[in-house]
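Written below as structure tokens is the structure these notes are about.
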Amino acid sequence: MKEQLLEYTLRLGDNALILGQRLGEWCGHGPILEQDIALSNMALDQLGQARMLMQYAAEQKGGDYTEDKMAFFRDVTEYHNCLLVELENGDWGRTMARQFLFDTYNYYFYTALLSSADERLKEVAHKAIKEVAYHAQWSAEWIIRLGDGTEESHRRIQESMDDLWEWTGELFTMDDVDKLMIEAGIGVDLSRVKEQWDQKVDQILELATLKRPSDDWFQSGGKQGEHSEYLGFVLAEMQHLPRMHPEAEW
Amino acid sequence: MSDAVWEILKKVSDPEIPVLTVVDMGVVRKIEQEAETLVVSITPTYSGCPAMDEIESNIRWALEENGYTSVEVKLILSPPWTTDWMTDEGKAKLQEYGIAPPEGSSADKSVLFGEAKKVMCPRCKSRNTKLVSQFGSTACKALYKCDECQEPFDYFKCL
Ligand SMILES: [Zn+2]
């Protein structure tokens with residue numbers, strides 16, 4: 001049970017940390033200043049949520065573990081984020097598609113986590129939900145703007161949606177860790193989240209005049225520590241400084 | 001004793017919005033004396049707010065300068081901070097500074113896929129304004145533009 005709670009905490013924390021790191025890559029590269037700032041803000045929110053969860057994970061680990069040690073001194077196979085958040089940013093539309101698919105999931109997930117039996121996770125959910133609600137609205141608006149925009153933007157956002165779809169299945173699959181956490185009243189029943197996600201995604205895709213990709217085959221493994229080739233690069237960039245200078249302070 | 005501590009904290013300004021004090025912001029939740037130690041509980045505004053660490057040390061310094069030698073600043077998450085906790089005085093100061101203060105309750109249902117609200121321009125007081133971006137110069141602000149006086153302005157958004 002202790003082991004599963006730690007893994008559950010890390011799955012949430014790693015989603016936030018890796019997505020925050022990916023969004024941070026846009027800093028200074030956004031198409032216009034306002035949107036550059038928007039993504040940096042969201043990256044910061046994700047990082048803040050990651051910190052709360054890493055602090056909790058470090059406490060569970062005990063000993064000399066700290067939030068920084070959790071973030072900077074774990075390797076690829078010890079990361080438990082879903083694969084979707086580690087994928088490359090691609091163009092603006094692709095980043096928006098990834099963000100929309102994840103934000104919508106994250107919004108309903110944290111809404112359910114508000115009634116978790118675990119006090120700490122519940123507190124994090126209460127904090128995070130307010131921020132995630134802003135993110136979800138923002139990324140949905142972008143999907144509509146791009147889908148119902150020009151021929152070019154429509155074509156490209158549809159392509160991104162089609163490409164990313166296979167990475168969404170993992171968000172809703174429940175393994176033993178999920179099941180045990182649900183039984184304990186701590187975790188979230190993902191089948192319920194899936195229903196809400198389906199509904200919202202369909203609604204937004206329709207407004208955006210986009211086609212919902214078909215559910216053929218889904219990637220999986222991230223939650224269990226089996227990652228795509230991309231995560232190593234994300235970690236290398238994020239971790240190299242503290243690993244080179246482990247005692248550095250700034 | 002607690003009153004004296006509040007008076008000191010009323011002079012500690014927010015690093016991101018210097019016209020506001022940490023008390024105006026409503027981030028100071030509790031002041032308690034535990035044995036020899038003065039414990040000040042604060043709560044973060046946005047979870048990724050980069051000012052929190054600075055707020056924490058500014059509070060500690062201010063108290064130490066005033067003779068409180070054993071101070072602990074504790075970060076608590078629950079209940080979560082909302083813009084409802086900002087004092088009326090704080091909101092008035094914001095307005096004067098040129099940042100539109102949060103309007104209405106934090107339970108802002110229009111956040112999800114709704115219409116953006118018409119915020120009053122802090123400069124000319126017109127409500128003929130529009131949302132430019134939900135994400136502004138810091139995590140807690142949105143960017144608006146006034147169609148009356150044509151000036152852009154920050155809005156401290158509801159949380
Ligand atoms: Zn005006």
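Residue numbering restarts at 1 for every chain of the structure tokens, chains are lettered A, B, ... in their displayed order, and ligands are numbered from 1 as they appear.
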Please, which residues of chain B lie no more than 8 Å from chain A when the count uses only C-alpha atoms, and can they be set out as a count of residues only? 21
As a ChimeraX atom specification, please: the residues near Glu195 of chain A (cut-off 12 Å, only C-alpha atoms, same-chain neighbours under 4 positions excluded). /A:104-105,108-109,172,189-191,199-202
With N, CA and C atoms retained, could you export that selection as a short mmCIF file (atom, residue, chain, number, x, y, z; two decimals), in the first residue's frame?
```
data_model
loop_
_atom_site.label_atom_id
_atom_site.label_comp_id
_atom_site.auth_asym_id
_atom_site.auth_seq_id
_atom_site.Cartn_x
_atom_site.Cartn_y
_atom_site.Cartn_z
N THR A 104 -7.79 18.48 -20.56
CA THR A 104 -9.17 18.03 -20.37
C THR A 104 -9.19 16.83 -19.43
N TYR A 105 -8.25 15.91 -19.67
CA TYR A 105 -8.10 14.78 -18.75
C TYR A 105 -7.77 15.27 -17.34
N TYR A 108 -10.73 16.84 -15.29
CA TYR A 108 -11.69 15.89 -14.70
C TYR A 108 -11.01 15.00 -13.65
N PHE A 109 -9.73 14.70 -13.89
CA PHE A 109 -9.00 13.89 -12.90
C PHE A 109 -8.93 14.62 -11.56
N PHE A 172 -6.32 6.45 -19.44
CA PHE A 172 -7.50 5.86 -18.83
C PHE A 172 -7.36 4.38 -18.46
N ASP A 189 -11.33 6.83 -10.18
CA ASP A 189 -11.84 5.85 -11.14
C ASP A 189 -11.76 6.45 -12.54
N LEU A 190 -10.83 5.92 -13.33
CA LEU A 190 -10.56 6.55 -14.63
C LEU A 190 -11.65 6.28 -15.67
N SER A 191 -12.50 5.29 -15.41
CA SER A 191 -13.57 5.04 -16.38
C SER A 191 -14.57 6.19 -16.36
N GLN A 199 -16.89 13.22 -23.68
CA GLN A 199 -17.94 14.19 -23.94
C GLN A 199 -17.38 15.57 -24.28
N LYS A 200 -16.44 16.02 -23.46
CA LYS A 200 -15.87 17.35 -23.67
C LYS A 200 -15.05 17.39 -24.96
N VAL A 201 -14.24 16.36 -25.20
CA VAL A 201 -13.41 16.33 -26.40
C VAL A 201 -14.30 16.33 -27.64
N ASP A 202 -15.36 15.53 -27.64
CA ASP A 202 -16.28 15.50 -28.78
C ASP A 202 -16.90 16.87 -29.03
#
```
Selected residue of minimal separation from Trp6 of chain B among B:Ala35, B:Arg123, B:Arg29, B:Leu20, counting only C-alpha atoms: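 Looking at the shortest contact to Trp6 of chain B, the residue is B:Arg29.
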Around ligand 1, which protein and nucleic acid residues have at least one atom no more than 10 Å from it, if we count only C-alpha atoms and all ligand atoms? List them as a count of residues only. 19
Go ahead and compute the interatomic distance for atom CA of Val73 of chain B and atom CA of Glu56 of chain B, in Å to one decimal. 6.3 Å
Find the residues near Asp148 of chain A: any atom within 7 Å, counting only C-alpha atoms, skip ones fewer than 4 places away on the same chain, and give them as a ChimeraX atom specification. /A:144,154,208-209
DSSP on the backbone, helix (DSSP H, G or I) only: what residues of segment 59-243 of chain A does that give? Format it as JSON, numbers by chain. {"A": [59, 60, 61, 67, 68, 69, 70, 71, 72, 76, 77, 78, 83, 84, 85, 86, 92, 93, 94, 95, 96, 97, 98, 99, 100, 101, 102, 103, 104, 105, 106, 107, 108, 109, 110, 111, 112, 113, 119, 120, 121, 122, 123, 124, 125, 126, 127, 128, 129, 130, 131, 132, 133, 134, 135, 136, 137, 138, 139, 140, 141, 142, 143, 144, 145, 146, 147, 151, 152, 153, 154, 155, 156, 157, 158, 159, 160, 161, 162, 163, 164, 165, 169, 170, 171, 172, 176, 177, 178, 179, 180, 181, 182, 183, 190, 191, 192, 193, 194, 195, 196, 197, 198, 199, 200, 201, 202, 203, 204, 205, 206, 207, 222, 223, 224, 230, 231, 232, 233, 234, 235, 236, 237, 238, 239, 240, 241, 242, 243]}
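Comparing A:Glu166, A:Leu114, A:Ile157, A:Ile32 by their smallest distance to Gly185 of chain A, the closest is A:Leu114 (using only C-alpha atoms).
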Show me, as a list in words, the residues that have an atom within 12 Å of Glu103 of chain B when counting only C-alpha atoms, minus same-chain residues fewer than 2 positions from it.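 Contacts, in chain order: Thr82, Thr83, Asp84, Met86, Asp88, Lys91, Ala92, Gln95, Ile99, Ala100, Pro101, Ser105, Ser106, Ala107, Asp108, Lys117, Lys118, Val119, Met120, Tyr155, Phe156, Lys157, Cys158 and Leu159 of chain B.
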